[in-house]
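Visitor: The structure is given below, and queries will be raised subsequently.
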Amino acid sequence: MTVRAVSKAVIVCRRGLLATSLILAGPALGAESPDEACTVSDIQPEMIDLDKPRDQLARQSNLVIPSGAKIGSIRIIQRPIFDTSDPTQDNFLYRALNTLNTPTWESALRSQLVFVEGDIYSPGLLEESERVLRQREYLTAAWVGVTRLCGDEVEVSVLARDTWTLLPTLGLTRSGGENTTNAGISDPNFLGSGKSLGVSYTKDPDRSETSLFVDDPNVAGSHWQAGFSYDDRSDGRGRSAYLERPFFSERTNWRFGLAGVDDVREESRYVGAEAIADYRRSREYFSVDGGWRLAERNERQLRLLAGYRYEAFGFQSLPDQPVLDVLPDDRTLSYPWIGFDYRQNRFREMTNLTRLQRVEDVRDGFLWRTELGYSGSGLGATEDRVVLNMSFQDSLLATETNYASYGLNQSGTYRLDQDRVENLLGTLSLEYFHGGSVRWTGWYTSLAFTAARNLTADQQLLIGGENGLRGYPSEYQQGDRRVLWTLERRYFPDWHPFKLFRMGGVVFVDAGRAWFADGQSNGPDGGVLRDVGVGLRLASSRVEVQRMLHFDLAFPLDGDDSIDALQVLLRGRSRF
């Protein structure tokens, strides 16, 4: 055989082997064909800048998802505290913090979602999961979206960024002319588990207190929640525990809860802005309740609620204190109750309302909850009462630049033995925000009116300091009526120094008054009180992101000579 003949034979053999391998590989190549039919969303997690609220609102727009499509897979994407691929964040300190931080477990993030693989796809499930994740203290931001469509299955991606959670605290708070100091350590994401624990020491004008708490929002990866706390006080003690399966989703069919409290502390009775006497108050509380989703139509949902509560209050004079004219009577309420929850499940995503450069979820609809119970002596109560609690809130206006809402809250009992109401308290409030969602400045105003009737001696309606009116000492006025109005010009600069902090500013005016309807003395200055002031807001974008530092300088325009001309307030708050 010639060399040319041998070459031709080799070529023929090679072609035969190639054809054979193509035939055999056909099924394998066919197995990959579904991927070729997948459509990728034009919005991917890699494109989302979690430091920009507008980016977090981006949604896919090129996918046409068929009706009845299922969630085929869930992809969890976690970002570290600092993005060291950004040259401005690539330094020794930020790299060290990333290394020292334990990333949140993927299972902890999955347990927050209100959907699982295999569920029928619904945009509302993704939106609600995003709202849940944004509420977690251990996350700075979250984004949930469809990133790929393969036939009748979608891939859902969950993007989240951790925050530094192991936080020693050492601080001083000043409000209403009084100081509060605190020290401790807490971690709302212990070892990345999503579980919270902490220990702290606090000293305020009323008491010193050492506290220990543990909270698990997803017991064993479920939607059950549990927690307990223990407080050792200079004037008593505090213990509490709970176990609950909440309505973790707007689509949850039922809930169940157990809770108990044992609390002993000393309280003060105020007259004319002065604490005239202290007394000891003890409280025992137990509750068991359940709830069922009954019906839903056009975003409106009705839930039935029912349960049993036991609440006992005891009061005792202290030997080294002046005797109160009216020491509160011991009272025990023991009652089954029934109620309903009627809500409109409609939300709007906005920015710069109550937080600095953060996406906020506001209810663009109403929420109405009512409870009615009967506390009888046959159940261990000190007297027969009807118990009625009600709350209602609704949005009046919700646009890209405006949000207005109002609310009505009422609580109290009706004593059948005396044919009168007791501790009846009702509040009507209105809030309006303008401009902050799209501009770096905004307006905020609020108005609240509270009326009370037949308050027992341990219940007081106060104003000043922590109770409103930043330019006046705490408890400066008291009464059974209270009105408070606030107007603020807010500033939200998109300034992010060192990728660590957000800073804001405010110029404010407060006006209000507490008084008695029968004309009795309500404080050193019984008239309308006003103050003006300026303040700074400082919020970390990497540490303790659920709270911000308030530093306010308030100037009272009214009041007696005992009031300082300048009130300095340094506080931690969750709202602007």
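Residues in the structure tokens are numbered from 1 in each chain, the chains being A, B, ... in the order shown, and ligands are numbered from 1 in the order shown.
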Can you tell me which residues surround A:Tyr491 at a distance of at most 8 Å, considering only C-alpha atoms, apart from same-chain residues fewer than 6 positions away, and format the answer as a VMD selection string?

Guide: chain A and resid 440 to 442 504 to 506

Visitor: Would you write out those residues with all heavy atoms, as a compact mmCIF listing (two decimals), in the first residue's frame?

Guide:
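Saved the output as selection26.txt:
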```
# COMPACT_ATOMS: atom_id res chain seq x y z
N TRP A 440 -32.84 66.81 47.64
CA TRP A 440 -32.01 66.67 48.83
C TRP A 440 -32.54 67.50 49.99
O TRP A 440 -31.94 67.54 51.06
CB TRP A 440 -30.56 67.03 48.51
CG TRP A 440 -30.29 68.48 48.30
CD1 TRP A 440 -30.52 69.19 47.18
CD2 TRP A 440 -29.71 69.39 49.24
NE1 TRP A 440 -30.14 70.50 47.35
CE2 TRP A 440 -29.63 70.65 48.62
CE3 TRP A 440 -29.26 69.28 50.57
CZ2 TRP A 440 -29.13 71.76 49.26
CZ3 TRP A 440 -28.75 70.39 51.21
CH2 TRP A 440 -28.69 71.61 50.55
N THR A 441 -33.68 68.14 49.79
CA THR A 441 -34.36 68.84 50.88
C THR A 441 -35.81 68.40 50.92
O THR A 441 -36.37 67.93 49.93
CB THR A 441 -34.30 70.36 50.70
OG1 THR A 441 -34.96 70.71 49.47
CG2 THR A 441 -32.86 70.85 50.65
N GLY A 442 -36.43 68.57 52.07
CA GLY A 442 -37.83 68.20 52.20
C GLY A 442 -38.47 68.89 53.38
O GLY A 442 -37.79 69.45 54.25
N GLY A 504 -27.37 64.35 57.82
CA GLY A 504 -28.50 65.19 57.48
C GLY A 504 -28.63 66.34 58.44
O GLY A 504 -27.95 66.39 59.48
N GLY A 505 -29.48 67.28 58.12
CA GLY A 505 -29.70 68.44 58.97
C GLY A 505 -31.17 68.77 59.06
O GLY A 505 -31.99 68.33 58.24
N VAL A 506 -31.51 69.57 60.07
CA VAL A 506 -32.90 69.93 60.29
C VAL A 506 -32.98 71.29 60.98
O VAL A 506 -32.14 71.62 61.83
CB VAL A 506 -33.64 68.85 61.12
CG1 VAL A 506 -33.00 68.70 62.49
CG2 VAL A 506 -35.11 69.16 61.25
```

Visitor: I'd like the contact shell of A:Ala404 - 9 Å cut-off, only C-alpha atoms, skipping same-chain residues fewer than 4 positions apart - returned as a list in words.

Guide: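 Everything that qualifies: Asp394, Ser395, Leu396, Leu397, Ala398, Leu430, Glu431, Tyr432, Phe433 and His434 of chain A.
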
Visitor: Could you check which of A:Gln316, A:Gln478, A:Gln546, A:Thr39 is closest to A:Gly151, using only C-alpha atoms?

Guide: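 Smallest distance to A:Gly151 is found for A:Thr39.
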
Visitor: Skipping near chain neighbours, those fewer than 5 positions away, what residues fall within 7 Å of stretch 551-563 of chain A using only C-alpha atoms, listed as a list in words?

Guide: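 Result of the neighbour search: Arg470, Gly471, Tyr472, Pro524, Asp525, Leu529, Arg530, Asp531, Val532, Gly533, Val534, Gly535, Leu536, Arg537, Val568, Leu569, Leu570 and Arg571 of chain A.
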
Visitor: Could you please write out, as a PyMOL selection string, every residue of stretch 298-528 of chain A that DSSP assigns to strand (DSSP E)?

Guide: chain A and resi 300-317+331-344+347-351+359-363+366-375+385-398+402-415+420-434+441-453+461-463+477-479+481-491+501-515

Visitor: Set the distance at 7 Å and use only C-alpha atoms: which residues neighbour stretch 245-260 of chain A once local chain neighbours fewer than 2 positions away are removed? I'd like the list as a list in words.

Guide: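 Contacts, in chain order: Val114, His223, Trp224, Gln225, Ser240, Ala241, Tyr242, Leu243, Tyr285, Phe286, Ser287, Val288, Asp289, Gly290, Gly291, Trp292 and Arg293 of chain A.
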
Visitor: Which is closer to A:Asn179 than all the others in A:Gly339, A:Gly436, A:Pro80, A:Pro473, using only C-alpha atoms?

Guide: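 Ranking A:Gly339, A:Gly436, A:Pro80, A:Pro473 by distance to A:Asn179, first place goes to A:Pro473.
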
Visitor: From the list A:Arg363, A:Arg369, A:Arg502, A:Arg513, which residue is nearest A:Leu538 when using only C-alpha atoms?

Guide: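 The closest residue to A:Leu538 is A:Arg502.
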
Visitor: What residues in stretch 71-179 of chain A get the DSSP label alpha helix (DSSP H)? Please answer as a PDB file with N, CA and C atoms, in the first residue's frame.

Guide:
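Once everything was written out, this is part38.pdb:
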```
ATOM      1  N   PHE A  92      -6.653  48.767  54.578  1.00  0.00           N
ATOM      2  CA  PHE A  92      -6.418  47.745  55.609  1.00  0.00           C
ATOM      3  C   PHE A  92      -7.599  47.629  56.575  1.00  0.00           C
ATOM      4  N   LEU A  93      -8.137  48.770  57.022  1.00  0.00           N
ATOM      5  CA  LEU A  93      -9.221  48.732  58.009  1.00  0.00           C
ATOM      6  C   LEU A  93     -10.455  48.042  57.446  1.00  0.00           C
ATOM      7  N   TYR A  94     -10.860  48.405  56.236  1.00  0.00           N
ATOM      8  CA  TYR A  94     -12.071  47.833  55.662  1.00  0.00           C
ATOM      9  C   TYR A  94     -11.892  46.353  55.351  1.00  0.00           C
ATOM     10  N   ARG A  95     -10.696  45.980  54.876  1.00  0.00           N
ATOM     11  CA  ARG A  95     -10.436  44.561  54.636  1.00  0.00           C
ATOM     12  C   ARG A  95     -10.463  43.779  55.935  1.00  0.00           C
ATOM     13  N   ALA A  96      -9.931  44.374  57.002  1.00  0.00           N
ATOM     14  CA  ALA A  96      -9.924  43.696  58.300  1.00  0.00           C
ATOM     15  C   ALA A  96     -11.347  43.508  58.838  1.00  0.00           C
ATOM     16  N   LEU A  97     -12.192  44.527  58.691  1.00  0.00           N
ATOM     17  CA  LEU A  97     -13.569  44.397  59.158  1.00  0.00           C
ATOM     18  C   LEU A  97     -14.322  43.335  58.358  1.00  0.00           C
ATOM     19  N   ASN A  98     -14.081  43.276  57.059  1.00  0.00           N
ATOM     20  CA  ASN A  98     -14.696  42.217  56.258  1.00  0.00           C
ATOM     21  C   ASN A  98     -14.259  40.838  56.741  1.00  0.00           C
ATOM     22  N   THR A  99     -12.963  40.717  57.077  1.00  0.00           N
ATOM     23  CA  THR A  99     -12.434  39.428  57.516  1.00  0.00           C
ATOM     24  C   THR A  99     -12.986  39.038  58.880  1.00  0.00           C
ATOM     25  N   LEU A 100     -13.087  39.995  59.770  1.00  0.00           N
ATOM     26  CA  LEU A 100     -13.547  39.695  61.133  1.00  0.00           C
ATOM     27  C   LEU A 100     -15.048  39.431  61.197  1.00  0.00           C
ATOM     28  N   GLU A 106     -26.523  31.661  54.632  1.00  0.00           N
ATOM     29  CA  GLU A 106     -27.489  31.629  53.534  1.00  0.00           C
ATOM     30  C   GLU A 106     -28.834  31.098  54.028  1.00  0.00           C
ATOM     31  N   SER A 107     -28.793  30.126  54.955  1.00  0.00           N
ATOM     32  CA  SER A 107     -30.047  29.580  55.493  1.00  0.00           C
ATOM     33  C   SER A 107     -30.828  30.633  56.268  1.00  0.00           C
ATOM     34  N   ALA A 108     -30.107  31.575  56.943  1.00  0.00           N
ATOM     35  CA  ALA A 108     -30.794  32.641  57.674  1.00  0.00           C
ATOM     36  C   ALA A 108     -31.509  33.585  56.712  1.00  0.00           C
ATOM     37  N   LEU A 109     -30.884  33.856  55.566  1.00  0.00           N
ATOM     38  CA  LEU A 109     -31.527  34.713  54.574  1.00  0.00           C
ATOM     39  C   LEU A 109     -32.708  34.003  53.921  1.00  0.00           C
ATOM     40  N   ARG A 110     -32.540  32.724  53.590  1.00  0.00           N
ATOM     41  CA  ARG A 110     -33.637  31.982  52.974  1.00  0.00           C
ATOM     42  C   ARG A 110     -34.847  31.901  53.902  1.00  0.00           C
ATOM     43  N   PRO A 123     -45.293  38.575  41.670  1.00  0.00           N
ATOM     44  CA  PRO A 123     -44.456  39.736  42.009  1.00  0.00           C
ATOM     45  C   PRO A 123     -44.612  40.154  43.469  1.00  0.00           C
ATOM     46  N   GLY A 124     -45.809  39.980  44.032  1.00  0.00           N
ATOM     47  CA  GLY A 124     -46.037  40.378  45.419  1.00  0.00           C
ATOM     48  C   GLY A 124     -45.189  39.600  46.401  1.00  0.00           C
ATOM     49  N   LEU A 125     -44.898  38.325  46.104  1.00  0.00           N
ATOM     50  CA  LEU A 125     -44.052  37.533  46.990  1.00  0.00           C
ATOM     51  C   LEU A 125     -42.642  38.103  47.052  1.00  0.00           C
ATOM     52  N   LEU A 126     -42.125  38.528  45.901  1.00  0.00           N
ATOM     53  CA  LEU A 126     -40.783  39.097  45.868  1.00  0.00           C
ATOM     54  C   LEU A 126     -40.748  40.439  46.579  1.00  0.00           C
ATOM     55  N   GLU A 127     -41.757  41.265  46.356  1.00  0.00           N
ATOM     56  CA  GLU A 127     -41.804  42.581  46.987  1.00  0.00           C
ATOM     57  C   GLU A 127     -41.900  42.454  48.504  1.00  0.00           C
ATOM     58  N   GLU A 128     -42.711  41.514  48.962  1.00  0.00           N
ATOM     59  CA  GLU A 128     -42.868  41.357  50.409  1.00  0.00           C
ATOM     60  C   GLU A 128     -41.600  40.805  51.053  1.00  0.00           C
ATOM     61  N   SER A 129     -40.925  39.889  50.380  1.00  0.00           N
ATOM     62  CA  SER A 129     -39.659  39.370  50.905  1.00  0.00           C
ATOM     63  C   SER A 129     -38.626  40.477  51.020  1.00  0.00           C
ATOM     64  N   GLU A 130     -38.612  41.358  50.045  1.00  0.00           N
ATOM     65  CA  GLU A 130     -37.691  42.492  50.091  1.00  0.00           C
ATOM     66  C   GLU A 130     -38.004  43.389  51.282  1.00  0.00           C
ATOM     67  N   ARG A 131     -39.290  43.608  51.550  1.00  0.00           N
ATOM     68  CA  ARG A 131     -39.668  44.426  52.710  1.00  0.00           C
ATOM     69  C   ARG A 131     -39.206  43.779  54.011  1.00  0.00           C
ATOM     70  N   VAL A 132     -39.353  42.446  54.101  1.00  0.00           N
ATOM     71  CA  VAL A 132     -38.919  41.737  55.313  1.00  0.00           C
ATOM     72  C   VAL A 132     -37.418  41.872  55.504  1.00  0.00           C
ATOM     73  N   LEU A 133     -36.643  41.669  54.447  1.00  0.00           N
ATOM     74  CA  LEU A 133     -35.185  41.748  54.557  1.00  0.00           C
ATOM     75  C   LEU A 133     -34.727  43.144  54.940  1.00  0.00           C
ATOM     76  N   ARG A 134     -35.401  44.172  54.445  1.00  0.00           N
ATOM     77  CA  ARG A 134     -34.998  45.548  54.766  1.00  0.00           C
ATOM     78  C   ARG A 134     -35.210  45.876  56.239  1.00  0.00           C
TER      79      ARG A 134
END
```
